[in-house]
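Trainee: What follows is a structure written as structure tokens; I'll ask about it next.
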Amino acid sequence: MHKRYKIIDHTADIAIRTTGKSMNEAFENAGYAMFDTMCDAASVKPLTTKRVECEANDLEQLLVDWLSELLFICDVDDMLFSKFEVQITGTKLQAKIYGEKMDRTRHHLKTDIKAITYHMLDVDKETNTVQVLFDI
């Protein structure tokens, strides 16, 4: 399996860059990277399925909305996710996300992400690459 994401050096926060065979996969990998930044995502079992829908004016805003919605669900439902199935049509995203309730003894929490930022935000449709900065 290829590496899903790359961490980009940043002084105070954490930036990641993901790529995929499609923009769908790049967004899936961004979701995985976000949760892997917060915990060991490989330890999160895909026991519960939730649906996520977002629509925005452009792909950059869609990426921020997508990751912000994942963070919101994580905080409100006390859940972590490790599997993502994204379908982007234009600037509308529909997804299934898979995870489980947070178990602090098993998930080994690492970094608390406060927000998704617009700083360093980039979506490249030609290479199916996205870049985003997490405010920690």
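Quick note on naming: the chains in the structure tokens go A, B, ... in the order shown, residues restart at 1 in each chain, and ligands are numbered from 1 in order of appearance.
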DSSP on the backbone: what in range 7-93 of chain A comes out strand (DSSP E or B), as JSON, numbers by chain?

Mentor: {"A": [7, 8, 14, 15, 16, 17, 18, 19, 48, 49, 50, 51, 52, 53, 54, 55, 79, 80, 81, 82, 83, 84, 85, 86, 87, 88, 89, 92, 93]}

Trainee: Show which residues sit within 8 Å of Lys96 in chain A, as a list in words. Count only C-alpha atoms, and ignore same-chain residues fewer than 2 positions away.

Mentor: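 Near neighbours after the sequence-gap exclusion: Thr49, Lys50, Arg51, Val52, Phe84, Glu85, Val86, Gln94 and Tyr98 of chain A.
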
Trainee: With only C-alpha atoms as the atoms that count, which of A:Glu100, A:Asp135, A:Asp122, A:Asp40 lies nearest to Asp77 in chain A?

Mentor: A:Glu100

Trainee: Applying 6 Å and only C-alpha atoms, which residues near Leu133 in chain A remain after dropping the ones on its own chain fewer than 3 positions away? List them as a ChimeraX atom specification.

Mentor: /A:14-15,117

Trainee: Atoms to include: N, CA and C atoms. Write the selected residues as a CSV table (one decimal), in the first residue's frame.

Mentor:
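Here's the written file out-v6.csv:
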chain,number,residue,atom,x,y,z
A,14,ILE,N,0.2,21.8,12.0
A,14,ILE,CA,0.5,20.6,11.2
A,14,ILE,C,-0.1,20.7,9.8
A,15,ALA,N,0.7,20.6,8.8
A,15,ALA,CA,0.2,20.7,7.4
A,15,ALA,C,0.4,19.3,6.8
A,117,THR,N,-7.7,25.1,8.6
A,117,THR,CA,-7.4,26.5,8.2
A,117,THR,C,-7.4,26.7,6.7

Trainee: Please give the complete set of residues from range 57-114 of chain A that DSSP, run on the backbone, assigns to helix (DSSP H, G or I), formatted as a PyMOL selection string.

Mentor: chain A and resi 59-77+104-107
